[in-house]
Structures are given as C-alpha cells and as structure tokens.
Amino acid sequence: MTENPTPKQPWTVERIPDQTGRVAVVTGANSGLGLATARALARRGGRVILAVRDKEKGRRAVADIAAGQPGAKLEVRRLDLADLDSVRAFSDALHAERPRLDLLVNNAGVMAPPRSSGAQGHELQFAANHLGHFALTGLLLDLLEQGQDPRVTTVTSVNHRKARLDFDNLNGERGYRPMVFYDRSKLANAVFGYELHRRLEASGSPVRSVLAHPGYTATRLQTSAPTGLVKLLFGRVLLPLAQRPEAGALPQLYAATAPGVRGGELIGPDGRGELRGGPTRVPLAPAATDAETGRRLWEVSEELTDVRFPFPAPA
C-alpha cells in the first residue's frame with residue numbers, strides 16, 4: 001500500500017529518494033511550484049529540464065538553483081504550452097538528444113485571464129493548462145516508457161471539485177467567466193490524469209500517471225494573469241493564508257518520487273480544506289473518474305491537438 005504521511009511523520013524533500021541518473025521535465029519551472037520542484041529534484045541528484053515559455057527567466061531560475069547547489073544538472077528549453085507547434089518542437093528536440101525520460105511533471109498553468117486564445121485559437125486556459133500537457137505527454141510517452149520507474153505527475157487544483165466540463169462551450173464563445181474556466185481547466189487536468197492512468201494500466205505500460213494539487217500556495221499564478229476582484233482576492237486579501245511554494249510543491253514531489261504511490265491517486269495537503277499541510281492521499285471528484293467523461297475529453301483532446309497516444313482505449 002502507499003505510504004501515507006501523517007503529522008507525526010511529516011514528508012519533506014529530505015525524504016525524496018536519490019534521483020541520480022534520472023531525467024525529469026518540469027513545465028513552468030522558472031517560478032513558483034515549478035521552480036521549487038526543479039530545485040528539490042536537482043538537490044537529490046536528478047537532471048532537470050526546465051521547460052519554460054521565457055528562456056531568459058529559465059536561465060535566471062537555473063542560476064538561482066545553481067547558486068545554492070553547485071554542480072546541479074540543469075537544462076533550459078523553451079516550451080509554450082498554449083502553442084501546439086512549440087510543444088511538437090520541444091518533443092522533437094528531446095527525442096533527438098535523449099533515449100529516455102524518467103519523469104514528466106505537468107505543472108505549468110495560467111489562471112483567470114481575460115478571455116484570450118492560444119496560437120491555435122483555443123481558449124487560453126484550456127489550451128495551456130490542459131491541451132498543451134495532453135499533447136506533451138502523448139508525444140513524450142515513448143521516451144517515458146524507456147525510463148526507470150517512469151511517472152507522469154499532472155498538477156490539478158482543489159477547485160476541480162466544483163467544476164463541470166461544458167463540451168459545447170470549451171472556447172467560451174457563449175459566455176466566459178475567468179475563474180469558471182480556470183476551474184474547468186483544472187477539472188480537465190484531473191480527468192486527463194485519471195483517464196491516462198486507466199489507459200496506461202489497460203495497456204500494460206510501465207508508466208504511472210499520478211495527480212497532485214498544492215492547496216493554496218502563494219505564487220505568481222494568482223497575480224500574473226487575473227484582473228479586478230480575482231486578483232485582489234487571491235493576490236492580496238487571502239494571501240496571508242497561503243503557504244510558500246516550497247510547501248505547496250510537496251504533494252507533486254511526493255506524487256513524482258515516493259516509492260509506494262499508485263497510478264490514479266491524487267496527492268494533496270493534509271490540512272483543513274486541503275489548503276495547506278503535508279502530502280497525503282485525497283479524493284478525486286466523481287467527475288474526474290467518470291469513464292464517459294474521460295472518454296469524451298480524451299477524444300476531444302486528440303481531435304484538437306492531433307496527438308494520438310500509442311495504445312488502445314480501455315474496454
């Protein structure tokens with residue numbers, strides 16, 4: 001069974017298994033949760049590829065990590081998850097240079113911007129938070145299947161439990177509310193992560209798909225894109241309640257590295273309302289594990305990204 005941390009036995013970065021020889025891709029690794037995740041994996045000896053939209057910010061992140069960890073194995077590569085051409089270029093470059101990948105952390109995201117679109121015309125939050133990660137995972141799956149204890153860790157939100165997917169209005173043409181569409185994108189992450197688990201298991205793949213959420217963590221996510229009341233609420237009013245990125249990253253680090261984690265599990269904070277605390281197993285919303293919802297989102301995502309995973313759908 002999965003080791004489930006308790007308040008008497010807190011799980012910290014010191015308990016991450018040795019990552020020497022392992023290669024990890026962390027999306028959105030130049031700040032916040034992604035930076036904390038990259039730092040922790042590098043500290044334990046892993047080679048970390050920081051997949052970032054802005055390479056200069058990525059280089060600053062590398063310098064920041066290296067200043068405290070001389071000799072850390074770090075790379076910066078450009079990846080714009082809202083642009084499927086960028087996702088394919090990232091995959092092509094990785095395939096040209098590496099025979100395997102051990103860990104993919106689907107961490108990057110955008111929260112509650114005014115209505116806008118990615119490069120292919122899809123609503124920005126659905127494009128960057130879900131479609132880009134769906135395509136990236138599918139394109140890198142063959143490298144992951146050659147890895148050691150290979151895992152895909154997809155970061156969702158506690159907000160996925162209050163959302164529903166509206167397949168008839170994915171782009172917001174018939175009404176767009178920034179936080180509603182953010183919550184939907186996080187439900188899409190949860191549905192994808194669980195459906196990926198279901199299909200990997202059915203195909204006998206060695207890759208595990210695990211989900212994580214950080215609770216309420218102070219990052220640029222709450223201030224870089226939101227406007228108006230949302231920015232005021234999350235960027236100022238509620239900020240004293242938020243935990244630091246180093247604490248918020250623990251669930252995804254646990255999901256990515258703890259020995260007993262099972263595919264399909266969601267790891268989140270163990271505190272009240274799952275807003276803060278140490279990593280523990282927490283429940284997924286029923287919508288996230290619904291087989292019909294998973295099938296429909298998968299088919300829509302394949303159509304919108306033109307990425308097909310190399311295994312059949314489960315019966």
# chains A, B, ... in the order shown; residues from 1 in each chain; ligands from 1
>>> closest_atom_pairs(of="range 145-215 of chain A", to="range 247-269 of chain A", cutoff="8 Å", atoms="only C-alpha atoms", output="JSON lines")
{"residue": "A:Arg151", "atom": "CA", "partner": "A:Ala256", "partner_atom": "CA", "distance": 6.5}
{"residue": "A:Val152", "atom": "CA", "partner": "A:Ala256", "partner_atom": "CA", "distance": 7.4}
{"residue": "A:Thr153", "atom": "CA", "partner": "A:Ala256", "partner_atom": "CA", "distance": 5.9}
{"residue": "A:Thr154", "atom": "CA", "partner": "A:Gln252", "partner_atom": "CA", "distance": 8.0}
{"residue": "A:Val155", "atom": "CA", "partner": "A:Gln252", "partner_atom": "CA", "distance": 7.0}
{"residue": "A:Gly193", "atom": "CA", "partner": "A:Gly264", "partner_atom": "CA", "distance": 7.0}
{"residue": "A:Tyr194", "atom": "CA", "partner": "A:Gly264", "partner_atom": "CA", "distance": 5.1}
{"residue": "A:His197", "atom": "CA", "partner": "A:Gly264", "partner_atom": "CA", "distance": 5.3}
{"residue": "A:Arg198", "atom": "CA", "partner": "A:Gly264", "partner_atom": "CA", "distance": 7.5}
{"residue": "A:Arg208", "atom": "CA", "partner": "A:Gly263", "partner_atom": "CA", "distance": 4.9}
{"residue": "A:Ser209", "atom": "CA", "partner": "A:Gly263", "partner_atom": "CA", "distance": 5.0}
{"residue": "A:Val210", "atom": "CA", "partner": "A:Gly263", "partner_atom": "CA", "distance": 5.2}
{"residue": "A:Leu211", "atom": "CA", "partner": "A:Leu266", "partner_atom": "CA", "distance": 4.5}
{"residue": "A:Ala212", "atom": "CA", "partner": "A:Ile267", "partner_atom": "CA", "distance": 4.5}
{"residue": "A:His213", "atom": "CA", "partner": "A:Gly268", "partner_atom": "CA", "distance": 5.0}
{"residue": "A:Pro214", "atom": "CA", "partner": "A:Gly248", "partner_atom": "CA", "distance": 4.6}
{"residue": "A:Gly215", "atom": "CA", "partner": "A:Pro269", "partner_atom": "CA", "distance": 6.1}
>>> residues_around(residues="range 127-141 of chain A", least_positions_apart="5", cutoff="6 Å", atoms="only C-alpha atoms", output="NGL selection string")
:A and (81-82 or 109 or 122 or 189 or 307 or 309)
>>> closest_residue(among="A:Ser86, A:Gln148, A:Thr20, A:Ser157", to="Gln120 in chain A", atoms="only C-alpha atoms")
A:Ser86
>>> residues_around(residues="Asp270 in chain A", least_positions_apart="3", cutoff="10 Å", atoms="only C-alpha atoms", output="PyMOL selection string")
chain A and resi 5-7+215+251+267+273-282
>>> residues_around(residues="Val62 in chain A", least_positions_apart="2", cutoff="12 Å", atoms="only C-alpha atoms", output="NGL selection string")
:A and (29-31 or 34-36 or 38-39 or 42 or 47-52 or 55-60 or 64-77)
